[in-house]
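Peer 1: Provided herewith is a single structure, encoded as C-alpha cells, for subsequent inquiry.
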Amino acid sequence: MARVIVDVLPKAEILDPQGQAVARAMGRLGVDGVADVRQGKHFELEVDDTVDDAALERIAGSLLANPVIEEWVVRRVQ
Amino acid sequence: MARVIVDVLPKAEILDPQGQAVARAMGRLGVDGVADVRQGKHFELEVDDTVDDAALERIAGSLLANPVIEEWVVRRVQ
Amino acid sequence: MSRIGVITFPGTLDDVDAARAVRYAGGEPVGLWHDDADLRGVDAVVVPGGFSYGDYLRAGAIAARSPVMGPVVEAGRAGMPVLGICNGFQILCEAGLLPGALVRNHGLRFVCREVGLRVEADTAWTSSFTVGQHIRVPLKSGEGRYVADEATLDALEGEGRVVFRYTEPAPNGALRDIAGISSADGRVVGLMPHPEHAIDALTGPGTDGLGLFTSVLSRFTAAA
Amino acid sequence: MNPVPEAPPALPPVDEVAHAAATPDEPQPHAALGLRDEEYARIREILGRRPTEAELAMYSVMWSEHCSYKSSKVHLRRFGETTTEAMRARLLAGIGENAGVVDVGDGWAVTFKIESHNHPSYVEPHQGAATGVGGIVRDIMAMGARPVAVMDGLRVGPLDAPDTARVLPGVVSGVGFYGNCLGLPNIGGEVVFDPSYSGNPLVNALCVGVLRHEDLHLAFASGAGNKIVLFGARTGLDGIGGVSVLASETFVEGTGRKKLPSVQVGDPFAEKVLIECCLELFGGGLVVGIQDLGGAGLSCATSELASAGDGGMHVDLDTVPLRAENMTAAEILSSESQERMCAVVTPENVDAFMAVCRRWDVTATVIGEVTDGDRLRITHRGETVVDVPPRTVAHDGPVYERPYARPDWQDALQADGVGGRARPSAPAELAAQVRDLVASPALAARTWVTEQYDRYVRGNTTSATPADAGVVRVDEASGRGVAVSIDANARFCQLDPRAGAQLALAESMRNVASSGAVPVAVTDCLNFGSPEDPAVMWQFAEAVGGLADACAALGLPVTGGNVSFYNQTGSAAILPTPVVGVLGILTDVARAVRHGLGPEGHAVWLLGR
Ligand SMILES: Nc1ncnc2c1ncn2[C@@H]1O[C@H](COP(=O)(O)OP(=O)(O)O)[C@@H](O)[C@H]1O
C-alpha cells in the first residue's frame with residue numbers, strides 16, 4: 001500500500017474566481033500581504049503495489065484533472 | 001515573497017461524498033488497486049514577509065478550512 | 001416517428017423533461033441507461049441535465065466515462081445528432097466530443113433564471129430557428145461558465161460553431177457570452193440553458209425551447 | 001468491570017444484558033446524556049435492571065424532547081380532539097405517521113410535511129440546512145411517495161448582523177445544493193429578519209410527495225420471519241456527540257476516540273439515487289414496511305418499526321456496513337449518518353430487493369428479522385446488547401405537563417400600540433417612509449435567494465417565486481395539481497400567540513386559495529424557546545390551541561408537523577414562531593390564478609373589509 005497525493009490547480013490563464021474571492025476575503029480578515037491565491041483540489045489515494053507511476057499519471061491526467069483547464073502534480077508520500 | 005500551500009481535507013470521521021464518488025468511479029473505469037480516495041482543497045498563496053506563521057494559521061483555520069468539518073496542513077514551500 | 005434516446009445516469013434530473021420535450025415535438029423518447037453500452041437503435045441522443053454522480057469530481061467527469069458514452073461518442077463522431085443540455089453539455093466536453101470546458105460560475109453561486117439567447121448557427125438542433133432569432137429559456141447551473149483557449153474560441157467563431165450566445169452579459173461569466181456550441185459538422189450541440197424547460201407556457205417561460213427538438217425531428221421526416 | 005476476555009485489545013468490552021443485570025450498581029452517565037434522574041429510574045423499572053450502554057443510548061435519544069415530544073404532547077392532543085370525522089375524510093394517513101397523506105382525487109394522493117433543522121444550521125449553516133432538506137425528503141419517501149417539491153422557511157438575525165452574514169449565505173447555498181442536486185423544484189418559502197433569530201436561525205424545510213393510493217407505505221414491521229434491510233449510506237460516526245459521553249466514561253483510552261463531531265455532511269447524490277431505488281422497490285411490490293433514518297438513526301428506525309408492528313424484532317449490529325472502525329453498539333445505534341432507509345421485506349423478496357439496490361449501486365444489507373414475541377433484541381459481537389419492549393423506547397416516553405403562565409410583560413406589550421407614535425406630517429416625510437419600507441429587508445426582493453434554487457426541474461411547476469403559493473402539477477394527463485404555502489408572522493405571535501397562530505393559518509390559506517386551489521390540509525412547524533420557561537410554554541399552549549380551534553373552524557385537519565424547542569440565545573427566547581403550511585387542490589393547474597396583474601382593461605376588486 002502506498003499513499004499518493006494528487007494536487008490539481010486551474011491553469012494560470014484560466015480565471016480562478018474562487019481563489020480571487022479568497023484573496024479578497026483575506027483583506028477583510030485584516031490579513032494584508034497575501035498577493036495571490038489559487039484554489040484547486042487535493043486528492044489522497046491509497047493504492048496497492050500493482051499501481052505503478054504510469055498508471056497514476058493516467059488516473060491523474062484523465063480523471064482527477066481535466067487537461068483542458070487544469071494542471072496537476074502527482075507524488076507518492078509513503 | 002513566499003509560496004505557501006494549504007491542503008484541506010474533510011476530517012476522517014466526516015463523510016466524504018466526493019472522495020467516495022471518485023473511489024467508486026475508479027473501479028468502473030477499470031482502474032484497480034485504488035483502495036481509498038479522499039478529496040479536499042488545495043490552496044497556493046503568494047504571501048509577503050509580513051505574514052507570519054500565526055497569521056497563516058489564522059487564515060487557514062478561519063477562511064480556507066471549516067474547522068467544524070475539515071482539517072488542514074499549512075506548509076511554506078519557498 | 002423518430003426515436004430519440006434520452007440517457008439516465010445516476011444523478012440525472014432532467015431526463016423526464018427531455019423525454020417530454022421529445023414527445024411534445026412529435027418524437028418517441030427512448031430511455032438509455034448509463035450502464036448499457038447500447039443505443040437501442042435510436043436516431044439521435046439527448047444527454048440531459050442534472051448532477052450525474054453528484055458532480056463531485058468535476059461536472060460531468062465521471063458520467064463522461066460511463067459505458068453508454070462509448071457508443072455515443074462513436075455515433076456522434078459519425079454524424080448522429082447529439083444534444084447535451086447543461087450537465088449533458090459538460091459531459092460532452094469531458095468526453096471530448098465538444099471542445100472546451102465548463103467551470104464554476106464567476107459569481108460562485110448557482111444561478112436559476114430565464115435568459116435570452118441569440119441563435120447564431122444553423123445546426124441539426126437549430127434548423128427550426130432562423131439565424132439571429134432571439135429565444136427565452138431557463139438557465140440553472142453552478143458550473144456553467146464556458147471556457148476554452150483563445151485559439152479554440154477563434155476557431156469556433158470562425159467556423160460558425162457558436163450556436164447560442166447570451167443576449168445579456170452571461171450570468172455565469174462565459175467567455176464571449178457563449179451559451180452553446182457545436183461540432184464541426186453541426187450535428188453535436190451542447191448548451192448550458194434548458195430548452196426542455198421551455199416547451200409549455202404553463203411550466204416555463206414559453207415554448208421557444210421546443211424548436212431544438214422539432215429541428216432534429218424534421219431532419220428525419222425530411223429524409224424519410 | 002468485566003471486559004470480554006476473547007475480545008481483541010482494540011475493541012472495547014461489550015456491555016451486554018447479562019452483564020448489566022449482574023452489575024446493577026455500575027454508575028452510568030445518564031445525566032450527561034440528557035436523562036433526568038426519574039427518567040433513568042423509569043428505564044431501570046421497565047427493564048428490571050440497569051440498561052446496557054446501548055440501551056441507555058437508545059432511550060436517551062428516543063426520550064429526548066426532539067424525538068419524544070415530551071413537553072408538547074399534552075398540547076398537541078388538541079389537534080386530534082378538534083379534528084372531526086368530516087375533516088378526516090380526505091386523510092389516508094394522519095398525525096403519527098412519518099407524514100400525513102391526503103387524497104387529492106382520481107386515485108392520487110399527496111403527502112407533505114414541514115420540519116426544522118435550526119440548531120445544525122447555526123453550527124454549520126451549509127451542511128445543516130442541506131441535511132435538513134435531506135431529512136424531510138426521506139420522511140416523504142417513507143410514505144411510498146415520490147418527492148416532487150420543496151419549500152424553505154428561513155429566519156435569521158438582522159440583515160447587517162455579522163451572524164447573519166455567516167448564516168444566511170450558507171443556509172441558502174445548503175438548501176439549494178441539496179434540493180437542486182435531488183432534482184426537486186423549490187416552489188416557495190420565506191426569508192424573515194429579526195433580532196431574536198440572531199444566534200438562533202430557524203431553518204424549516206417542507207417537502208411534498210405524490211403517490212397513487214395503492215402505493216401508500218407505512219412504518220411497521222410485521223410478519224415473523226420477514227427481513228429487516230438497511231440500505232443507503234454506510235453508518236459512520238456522524239452526529240453522535242452526545243453518545244461519546246458513553247465512550248469517554250468507559251473505554252476512551254482503548255479506542256483513542258476523540259470527542260465526536262455532531263455535524264453531518266449531506267450527500268444529495270446518494271439521496272437522489274436512494275429515491276429512485278426506493279420508487280423502483282415500491283413499484284416492484286418488494287416492501288412490506290419502511291422507515292427513514294432520521295435524527296435518532298437506527299435507535300429510532302428499529303424501535304419505531306417494531307413498536308408499530310405486531311411482533312418482535314432481532315437486529316444484529318455486526319451486519320451493519322460501517323464507515324469507521326470499532327464502532328460500539330451505542331455508536332452504531334445513535335449514528336445520524338444521512339441517506340439511509342430501513343425496510344421490512346419478505347424472505348422470498350430479498351433477492352429481488354437486493355437486485356434493485358445493485359442496479360442503483362445502493363448498499364443494502366439484511367440486518368435482522370421480525371420475530372415472534374414482543375421484544376426488540378439487538379446483538380453485537382455475539383452478545384445481546386439490547387433487549388427491550390420496543391414501545392417503551394418509541395412511544396411510551398415521558399410526558400410532561402410543564403407549568404405555563406401568561407408572562408407579566410404581555411399586558412404592557414399589548415397596550416403599547418401605535419396610537420402615540422408620530423405620523424408623517426408632510427408629503428416628503430411620507431415619501432421617505434415609503435422609501436424606507438420599500439428598501440427594508442423585510443420587503444426587498446428575494447431573488448438573491450430564489451435564484452439559487454431550481455424551480456423548473458421535473459417540468460411540473462406552474463407557479464413558484466414570487467407567487468403567493470407554489471403550484472405543482474400532480475398528473476400530466478388531467479392537469480390535477482396542488483398548491484402549498486408556508487407562513488408565519490412571529491411579531492403578531494409575540495403580541496398574541498393564539499391570534500398570531502390563527503393569522504398564520506389564515507394567511508397561508510389565503511395564499512393557497514388565491515392561487516385558485518381549495519385548501520384541504522395543514523402541517524406546522526412550531527419553533528419556540530425553552531419549554532422549561534413558563535412564559536414560553538404559555539406561548540406554545542396558546543399557539544397550539546389557537547391553531548387547533550382555527551383549523552376546526554375552517555374544516556382543515558392538521559396532518560403532521562414538528563416541534564422545535566430550546567430556540568434561544570442565552571435566556572432570551574426567539575419570538576414564538578408557529579410556521580403553518582397549507583395544502584390545496586386544483587383540478588386543473590392550467591386554470592390556476594396567476595400571480596400579478598392581468599391584461600390591460602381588467603377590473604381590480606378588493607374583497608373583504
Ligand atoms: N406541530 C405538530 N403538529 C402536528 N403534528 C405534529 C407536530 N409535531 C409533531 N407532530 C406529529 O407527531 C408525530 C411524531 O413525530 P415523529 O414523526 O415521530 O417526529 P419526527 O418525524 O420528528 O421523528 C408525527 O406524526 C408528527 O407529524
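Residue names in the C-alpha cells use chain letters A, B, ... in the order shown, residue numbers from 1 in each chain, and ligand numbers from 1 in the order shown.
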Could the residues that lie within 7 Å of ligand 1, counting only C-alpha atoms and all ligand atoms, be listed as an MDAnalysis selection string?
Peer 2: chainID D and resid 66:67 76 79 94:100 139 294:295 523:526 558:563
Peer 1: Could you please take those selected residues and save all heavy atoms as a compact mmCIF listing (two decimals), in the first residue's frame?
Peer 2:
```txt
# COMPACT_ATOMS: atom_id res chain seq x y z
N HIS D 66 -36.74 16.22 21.36
CA HIS D 66 -36.86 16.22 19.92
C HIS D 66 -37.64 15.00 19.42
O HIS D 66 -38.48 15.11 18.53
CB HIS D 66 -35.45 16.24 19.34
CG HIS D 66 -35.40 16.18 17.86
ND1 HIS D 66 -35.84 17.21 17.07
CD2 HIS D 66 -34.98 15.20 17.03
CE1 HIS D 66 -35.68 16.87 15.81
NE2 HIS D 66 -35.17 15.66 15.76
N CYS D 67 -37.33 13.83 19.98
CA CYS D 67 -37.97 12.61 19.47
C CYS D 67 -39.24 12.25 20.21
O CYS D 67 -40.13 11.60 19.65
CB CYS D 67 -37.00 11.43 19.56
SG CYS D 67 -35.61 11.59 18.45
N LEU D 76 -50.34 18.98 21.90
CA LEU D 76 -50.60 18.56 20.52
C LEU D 76 -51.88 17.72 20.43
O LEU D 76 -52.48 17.62 19.37
CB LEU D 76 -49.41 17.77 19.96
CG LEU D 76 -48.11 18.56 19.80
CD1 LEU D 76 -47.01 17.66 19.23
CD2 LEU D 76 -48.30 19.77 18.89
N PHE D 79 -54.96 18.91 18.58
CA PHE D 79 -55.20 18.74 17.14
C PHE D 79 -56.11 17.55 16.90
O PHE D 79 -57.04 17.61 16.10
CB PHE D 79 -53.88 18.55 16.38
CG PHE D 79 -53.03 19.77 16.32
CD1 PHE D 79 -51.66 19.72 16.57
CD2 PHE D 79 -53.58 21.01 16.00
CE1 PHE D 79 -50.87 20.84 16.50
CE2 PHE D 79 -52.79 22.15 15.93
CZ PHE D 79 -51.43 22.07 16.19
N GLY D 94 -52.55 10.20 8.92
CA GLY D 94 -52.55 11.48 9.63
C GLY D 94 -51.44 11.56 10.65
O GLY D 94 -50.39 10.92 10.49
N ILE D 95 -51.68 12.33 11.70
CA ILE D 95 -50.66 12.52 12.74
C ILE D 95 -50.25 11.16 13.30
O ILE D 95 -51.09 10.31 13.54
CB ILE D 95 -51.21 13.44 13.84
CG1 ILE D 95 -51.31 14.86 13.31
CG2 ILE D 95 -50.32 13.38 15.07
CD1 ILE D 95 -51.72 15.89 14.34
N GLY D 96 -48.97 10.97 13.49
CA GLY D 96 -48.47 9.70 14.00
C GLY D 96 -47.66 8.96 12.95
O GLY D 96 -46.81 8.15 13.26
N GLU D 97 -47.91 9.24 11.69
CA GLU D 97 -47.11 8.63 10.63
C GLU D 97 -45.95 9.57 10.31
O GLU D 97 -45.87 10.68 10.80
CB GLU D 97 -47.97 8.40 9.38
CG GLU D 97 -49.16 7.50 9.61
CD GLU D 97 -48.77 6.09 10.08
OE1 GLU D 97 -47.63 5.69 9.83
OE2 GLU D 97 -49.61 5.43 10.71
N ASN D 98 -45.05 9.08 9.43
CA ASN D 98 -43.91 9.92 9.06
C ASN D 98 -44.38 11.25 8.47
O ASN D 98 -43.77 12.28 8.68
CB ASN D 98 -43.02 9.20 8.07
CG ASN D 98 -42.12 8.19 8.77
OD1 ASN D 98 -41.43 8.55 9.72
ND2 ASN D 98 -42.16 6.97 8.35
N ALA D 99 -45.46 11.19 7.71
CA ALA D 99 -46.05 12.40 7.16
C ALA D 99 -47.51 12.12 6.85
O ALA D 99 -47.88 10.98 6.59
CB ALA D 99 -45.30 12.83 5.88
N GLY D 100 -48.34 13.16 6.87
CA GLY D 100 -49.76 12.98 6.57
C GLY D 100 -49.96 12.77 5.07
O GLY D 100 -49.18 13.27 4.25
N ASP D 139 -38.53 11.53 4.96
CA ASP D 139 -39.83 11.33 5.60
C ASP D 139 -40.91 11.09 4.54
O ASP D 139 -41.79 10.25 4.68
CB ASP D 139 -40.24 12.59 6.39
CG ASP D 139 -39.87 12.49 7.86
OD1 ASP D 139 -39.75 11.35 8.35
OD2 ASP D 139 -39.72 13.54 8.51
N GLY D 294 -33.70 9.06 10.57
CA GLY D 294 -33.57 10.49 10.80
C GLY D 294 -32.68 10.74 11.98
O GLY D 294 -31.67 10.07 12.18
N GLY D 295 -33.11 11.71 12.79
CA GLY D 295 -32.29 12.17 13.90
C GLY D 295 -31.76 11.06 14.79
O GLY D 295 -30.59 11.06 15.17
N THR D 523 -49.99 21.46 7.76
CA THR D 523 -48.84 20.94 8.51
C THR D 523 -48.23 22.12 9.25
O THR D 523 -48.42 23.27 8.83
CB THR D 523 -47.80 20.28 7.58
OG1 THR D 523 -46.73 19.75 8.37
CG2 THR D 523 -47.20 21.26 6.59
N ASP D 524 -47.53 21.86 10.35
CA ASP D 524 -46.99 23.01 11.08
C ASP D 524 -45.64 22.69 11.69
O ASP D 524 -45.32 21.55 11.98
CB ASP D 524 -47.97 23.47 12.17
CG ASP D 524 -48.19 22.40 13.21
OD1 ASP D 524 -47.64 21.30 13.07
OD2 ASP D 524 -48.93 22.66 14.17
N CYS D 525 -44.86 23.73 11.85
CA CYS D 525 -43.55 23.61 12.48
C CYS D 525 -43.51 24.64 13.59
O CYS D 525 -43.48 25.84 13.33
CB CYS D 525 -42.46 23.85 11.45
SG CYS D 525 -40.83 23.43 12.04
N LEU D 526 -43.56 24.16 14.82
CA LEU D 526 -43.72 25.05 15.96
C LEU D 526 -42.36 25.35 16.58
O LEU D 526 -41.80 24.52 17.30
CB LEU D 526 -44.66 24.40 16.98
CG LEU D 526 -46.01 23.97 16.38
CD1 LEU D 526 -46.84 23.20 17.39
CD2 LEU D 526 -46.80 25.17 15.86
N VAL D 558 -55.00 19.09 10.73
CA VAL D 558 -53.53 19.12 10.81
C VAL D 558 -53.06 17.69 10.60
O VAL D 558 -53.46 16.78 11.32
CB VAL D 558 -53.08 19.64 12.19
CG1 VAL D 558 -51.56 19.53 12.32
CG2 VAL D 558 -53.52 21.07 12.38
N THR D 559 -52.22 17.48 9.58
CA THR D 559 -51.84 16.11 9.23
C THR D 559 -50.47 15.73 9.77
O THR D 559 -50.07 14.57 9.69
CB THR D 559 -51.81 15.92 7.71
OG1 THR D 559 -50.80 16.78 7.17
CG2 THR D 559 -53.15 16.27 7.09
N GLY D 560 -49.75 16.67 10.33
CA GLY D 560 -48.44 16.35 10.88
C GLY D 560 -47.62 17.60 10.99
O GLY D 560 -48.05 18.68 10.57
N GLY D 561 -46.47 17.45 11.58
CA GLY D 561 -45.62 18.61 11.74
C GLY D 561 -44.45 18.30 12.64
O GLY D 561 -44.00 17.16 12.71
N ASN D 562 -44.00 19.32 13.31
CA ASN D 562 -42.75 19.18 14.05
C ASN D 562 -42.71 20.26 15.12
O ASN D 562 -43.23 21.35 14.93
CB ASN D 562 -41.62 19.32 13.03
CG ASN D 562 -40.26 19.50 13.65
OD1 ASN D 562 -39.67 20.57 13.54
ND2 ASN D 562 -39.76 18.50 14.31
N VAL D 563 -42.12 19.92 16.26
CA VAL D 563 -41.94 20.91 17.32
C VAL D 563 -40.46 21.12 17.53
O VAL D 563 -39.70 20.15 17.64
CB VAL D 563 -42.57 20.43 18.65
CG1 VAL D 563 -42.27 21.44 19.75
CG2 VAL D 563 -44.06 20.22 18.49
```
Peer 1: Using only C-alpha atoms, which residues sit within 9 Å of D:Ile332 once same-chain residues fewer than 3 positions away are excluded, as a compact mmCIF listing (two decimals) with N, CA, C and O atoms, in the first residue's frame?
Peer 2:
```
# COMPACT_ATOMS: atom_id res chain seq x y z
N ALA D 54 -25.83 0.39 25.34
CA ALA D 54 -26.57 0.55 24.08
C ALA D 54 -28.02 0.94 24.37
O ALA D 54 -28.60 1.80 23.70
N THR D 235 -22.91 3.47 7.78
CA THR D 235 -23.10 4.10 9.08
C THR D 235 -21.75 4.55 9.63
O THR D 235 -20.83 3.74 9.73
N GLY D 236 -21.64 5.83 9.93
CA GLY D 236 -20.37 6.36 10.42
C GLY D 236 -20.56 7.07 11.75
O GLY D 236 -21.60 6.96 12.39
N LEU D 237 -19.55 7.81 12.11
CA LEU D 237 -19.57 8.46 13.42
C LEU D 237 -20.21 9.85 13.35
O LEU D 237 -19.83 10.75 14.08
N GLY D 297 -31.39 7.87 14.16
CA GLY D 297 -30.76 6.77 13.45
C GLY D 297 -31.43 5.43 13.64
O GLY D 297 -32.67 5.32 13.63
N LEU D 298 -30.62 4.39 13.83
CA LEU D 298 -31.16 3.04 13.96
C LEU D 298 -31.97 2.86 15.24
O LEU D 298 -32.86 2.03 15.30
N SER D 299 -31.65 3.63 16.28
CA SER D 299 -32.44 3.55 17.52
C SER D 299 -33.89 3.80 17.20
O SER D 299 -34.79 3.10 17.65
N LEU D 317 -26.05 -6.07 14.91
CA LEU D 317 -25.27 -4.89 14.52
C LEU D 317 -23.98 -5.24 13.77
O LEU D 317 -23.39 -4.40 13.11
N VAL D 320 -24.21 -4.46 10.10
CA VAL D 320 -24.40 -3.08 9.61
C VAL D 320 -23.12 -2.60 8.93
O VAL D 320 -22.05 -2.63 9.54
N LEU D 322 -20.28 -0.37 8.07
CA LEU D 322 -19.77 0.78 8.82
C LEU D 322 -18.75 1.56 8.02
O LEU D 322 -18.10 1.04 7.14
N MET D 327 -16.69 0.68 15.90
CA MET D 327 -17.81 1.43 16.49
C MET D 327 -18.49 0.57 17.55
O MET D 327 -18.66 -0.63 17.37
N THR D 328 -18.88 1.20 18.64
CA THR D 328 -19.58 0.46 19.69
C THR D 328 -21.05 0.34 19.30
O THR D 328 -21.54 1.05 18.42
N ALA D 329 -21.75 -0.54 20.02
CA ALA D 329 -23.17 -0.72 19.74
C ALA D 329 -23.91 0.60 19.92
O ALA D 329 -24.77 0.98 19.12
N SER D 335 -25.85 6.66 15.53
CA SER D 335 -25.29 7.39 14.40
C SER D 335 -26.39 8.09 13.61
O SER D 335 -27.44 7.52 13.36
N GLU D 336 -26.10 9.33 13.26
CA GLU D 336 -27.06 10.08 12.46
C GLU D 336 -26.63 10.16 11.00
O GLU D 336 -26.99 11.09 10.30
```
Peer 1: Just need chain B moved onto chain A: least-squares over all Cα atoms matched in order, then output as a compact mmCIF listing (two decimals) with C-alpha atoms, in the first residue's frame.
Peer 2:
```txt
# COMPACT_ATOMS: atom_id res chain seq x y z
CA MET B 1 0.33 -0.02 -0.14
CA ALA B 2 1.47 3.47 -0.91
CA ARG B 3 0.02 6.85 -0.27
CA VAL B 4 -0.16 9.11 -3.29
CA ILE B 5 -1.04 12.76 -3.39
CA VAL B 6 -2.40 14.52 -6.43
CA ASP B 7 -2.71 18.28 -6.36
CA VAL B 8 -4.78 19.90 -9.05
CA LEU B 9 -4.77 23.62 -9.83
CA PRO B 10 -6.42 25.75 -12.50
CA LYS B 11 -3.90 26.51 -15.25
CA ALA B 12 -2.18 29.81 -14.72
CA GLU B 13 -3.83 31.45 -17.72
CA ILE B 14 -7.31 30.23 -16.75
CA LEU B 15 -9.50 32.35 -14.51
CA ASP B 16 -9.54 31.12 -10.91
CA PRO B 17 -12.68 32.68 -9.44
CA GLN B 18 -12.33 30.71 -6.23
CA GLY B 19 -8.80 31.82 -5.52
CA GLN B 20 -9.70 35.40 -6.35
CA ALA B 21 -12.69 35.35 -4.02
CA VAL B 22 -10.51 34.06 -1.20
CA ALA B 23 -7.76 36.58 -1.91
CA ARG B 24 -10.26 39.43 -1.75
CA ALA B 25 -11.79 38.07 1.43
CA MET B 26 -8.38 38.10 3.14
CA GLY B 27 -8.14 41.85 2.78
CA ARG B 28 -11.62 42.35 4.20
CA LEU B 29 -10.86 40.03 7.08
CA GLY B 30 -7.93 42.15 8.10
CA VAL B 31 -5.31 39.68 6.88
CA ASP B 32 -2.70 41.74 5.08
CA GLY B 33 0.32 40.49 3.26
CA VAL B 34 -1.35 37.80 1.16
CA ALA B 35 -0.62 38.80 -2.42
CA ASP B 36 -2.25 35.98 -4.30
CA VAL B 37 -4.31 32.86 -3.71
CA ARG B 38 -4.94 29.98 -6.05
CA GLN B 39 -7.43 27.31 -5.10
CA GLY B 40 -7.40 23.78 -6.41
CA LYS B 41 -8.11 20.23 -5.34
CA HIS B 42 -6.12 17.91 -3.16
CA PHE B 43 -6.50 14.12 -3.45
CA GLU B 44 -5.05 11.47 -1.19
CA LEU B 45 -5.05 7.98 -2.63
CA GLU B 46 -4.20 4.66 -1.02
CA VAL B 47 -2.92 2.47 -3.81
CA ASP B 48 -1.43 -1.00 -3.82
CA ASP B 49 1.79 -1.94 -5.51
CA THR B 50 0.18 -2.98 -8.78
CA VAL B 51 -0.47 0.68 -9.53
CA ASP B 52 2.56 2.07 -11.29
CA ASP B 53 3.44 5.65 -12.12
CA ALA B 54 1.96 5.41 -15.59
CA ALA B 55 -1.38 4.33 -14.15
CA LEU B 56 -1.25 7.15 -11.62
CA GLU B 57 -0.55 9.65 -14.34
CA ARG B 58 -3.50 8.31 -16.32
CA ILE B 59 -5.82 8.57 -13.31
CA ALA B 60 -4.69 12.08 -12.57
CA GLY B 61 -4.97 13.36 -16.12
CA SER B 62 -8.25 11.75 -17.01
CA LEU B 63 -10.21 11.62 -13.78
CA LEU B 64 -8.83 13.83 -11.03
CA ALA B 65 -7.95 16.77 -13.25
CA ASN B 66 -9.52 18.21 -16.35
CA PRO B 67 -6.57 18.70 -18.71
CA VAL B 68 -8.45 21.36 -20.65
CA ILE B 69 -8.36 23.79 -17.76
CA GLU B 70 -6.24 22.27 -15.01
CA GLU B 71 -2.69 21.15 -14.33
CA TRP B 72 -1.66 18.59 -11.73
CA VAL B 73 1.22 17.12 -9.80
CA VAL B 74 1.41 13.51 -8.64
CA ARG B 75 3.70 12.50 -5.79
CA ARG B 76 4.15 9.35 -3.78
CA VAL B 77 4.55 10.09 -0.12
CA GLN B 78 5.12 6.63 1.30
```
Peer 1: If we count only C-alpha atoms and set the cut-off at 7 Å, which residues sit around D:Thr461, ignoring sequence neighbours fewer than 4 positions away in its own chain? Please answer as an NGL selection string.
Peer 2: (:C and (203)) or (:D and (455-456 or 471-473))
Peer 1: Distance table requested - chain C against chain D, cut-off 6 Å, only C-alpha atoms: one row per qualifying residue with the closest atom pair and its distance in Å to one decimal, ordered by chain and rising residue number, as CSV.
Peer 2:
```
residue,atom,partner,partner_atom,distance
C:Gly11,CA,D:Phe269,CA,6.0
C:Leu13,CA,D:Gly183,CA,5.2
C:Asp17,CA,D:Arg458,CA,5.8
C:Phe51,CA,D:Cys181,CA,5.8
C:Gly54,CA,D:Phe269,CA,4.7
C:Phe110,CA,D:Gln452,CA,5.0
C:Val111,CA,D:Gln452,CA,5.2
C:Cys112,CA,D:Glu451,CA,4.7
C:Leu202,CA,D:Thr462,CA,5.6
C:Thr203,CA,D:Thr462,CA,4.7
```
Peer 1: Let me see the file: selected residues, N, CA and C atoms, as a PDB file, in the first residue's frame.
Peer 2:
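Result file is selection-v7.pdb:
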```
ATOM      1  N   GLY C  11     -28.073  10.311 -10.827  1.00  0.00           N
ATOM      2  CA  GLY C  11     -27.972  11.744 -10.565  1.00  0.00           C
ATOM      3  C   GLY C  11     -28.496  12.606 -11.695  1.00  0.00           C
ATOM      4  N   LEU C  13     -31.283  14.487 -13.667  1.00  0.00           N
ATOM      5  CA  LEU C  13     -32.530  15.030 -13.141  1.00  0.00           C
ATOM      6  C   LEU C  13     -33.531  15.382 -14.228  1.00  0.00           C
ATOM      7  N   ASP C  17     -37.951  15.610 -18.256  1.00  0.00           N
ATOM      8  CA  ASP C  17     -38.260  16.817 -19.024  1.00  0.00           C
ATOM      9  C   ASP C  17     -37.821  16.683 -20.475  1.00  0.00           C
ATOM     10  N   PHE C  51     -27.162  16.310 -12.007  1.00  0.00           N
ATOM     11  CA  PHE C  51     -25.881  16.255 -11.302  1.00  0.00           C
ATOM     12  C   PHE C  51     -25.406  14.807 -11.340  1.00  0.00           C
ATOM     13  N   GLY C  54     -23.292  13.282  -8.741  1.00  0.00           N
ATOM     14  CA  GLY C  54     -23.171  14.394  -7.804  1.00  0.00           C
ATOM     15  C   GLY C  54     -22.269  15.514  -8.303  1.00  0.00           C
ATOM     16  N   PHE C 110     -24.871  29.202  -7.662  1.00  0.00           N
ATOM     17  CA  PHE C 110     -25.804  28.600  -8.598  1.00  0.00           C
ATOM     18  C   PHE C 110     -26.733  29.709  -9.095  1.00  0.00           C
ATOM     19  N   VAL C 111     -27.021  29.729 -10.382  1.00  0.00           N
ATOM     20  CA  VAL C 111     -27.919  30.758 -10.929  1.00  0.00           C
ATOM     21  C   VAL C 111     -29.091  30.089 -11.641  1.00  0.00           C
ATOM     22  N   CYS C 112     -30.302  30.425 -11.198  1.00  0.00           N
ATOM     23  CA  CYS C 112     -31.504  29.933 -11.871  1.00  0.00           C
ATOM     24  C   CYS C 112     -32.294  31.144 -12.333  1.00  0.00           C
ATOM     25  N   LEU C 202     -47.195  26.971 -19.576  1.00  0.00           N
ATOM     26  CA  LEU C 202     -47.685  26.665 -18.239  1.00  0.00           C
ATOM     27  C   LEU C 202     -46.537  26.450 -17.252  1.00  0.00           C
ATOM     28  N   THR C 203     -45.484  25.820 -17.700  1.00  0.00           N
ATOM     29  CA  THR C 203     -44.415  25.421 -16.786  1.00  0.00           C
ATOM     30  C   THR C 203     -43.085  26.116 -17.068  1.00  0.00           C
TER      31      THR C 203
END
```
Peer 1: I need the strand (DSSP E) residues of stretch 145-185 of chain C per DSSP on the backbone, written as a ChimeraX atom specification.
Peer 2: /C:145-147,162-166,178-182
Peer 1: Give me, as a list in words, the residues of chain C touching chain B, with the criterion being at most 12 Å (counting only C-alpha atoms).
Peer 2: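 That gives Pro10, Gly11, His34, Asp35, Ser52, Tyr53, Gly54, Asp55, Tyr56, Leu57, Arg58, Ala59, Ala61, Ile62, Ala63, Ala64, Arg65, Ser66 and Pro67 of chain C for chain C.
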Peer 1: Kindly provide, as number ranges by chain, the residues of chain D having any atom no farther than 10 Å from an atom of chain B, counting only C-alpha atoms.
Peer 2: D: 123-124, 127, 233-239, 260-270, 323-325, 337-338, 361
Peer 1: Quick check, in Å to one decimal: how far apart do atom CA of D:Cys342 and atom CA of D:Val522 lie?
Peer 2: 27.5 Å
Peer 1: Report the distance between atom CA of D:Asp372 and atom CA of D:Leu305 in Å, rounded to one decimal place.
Peer 2: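 Straight-line distance from atom CA of D:Asp372 to atom CA of D:Leu305 works out to 14.2 Å.
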Peer 1: DSSP on the backbone: which residues in stretch 50-137 of chain C end up as alpha helix (DSSP H)? Give the answer as a list in words.
Peer 2: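 Output for stretch 50-137 of chain C, alpha helix (DSSP H) only: Met69, Gly70, Pro71, Val72, Val73, Glu74, Ala75, Gly76, Arg77, Asn87, Gly88, Phe89, Gln90, Ile91, Leu92, Cys93 and Glu94 of chain C.
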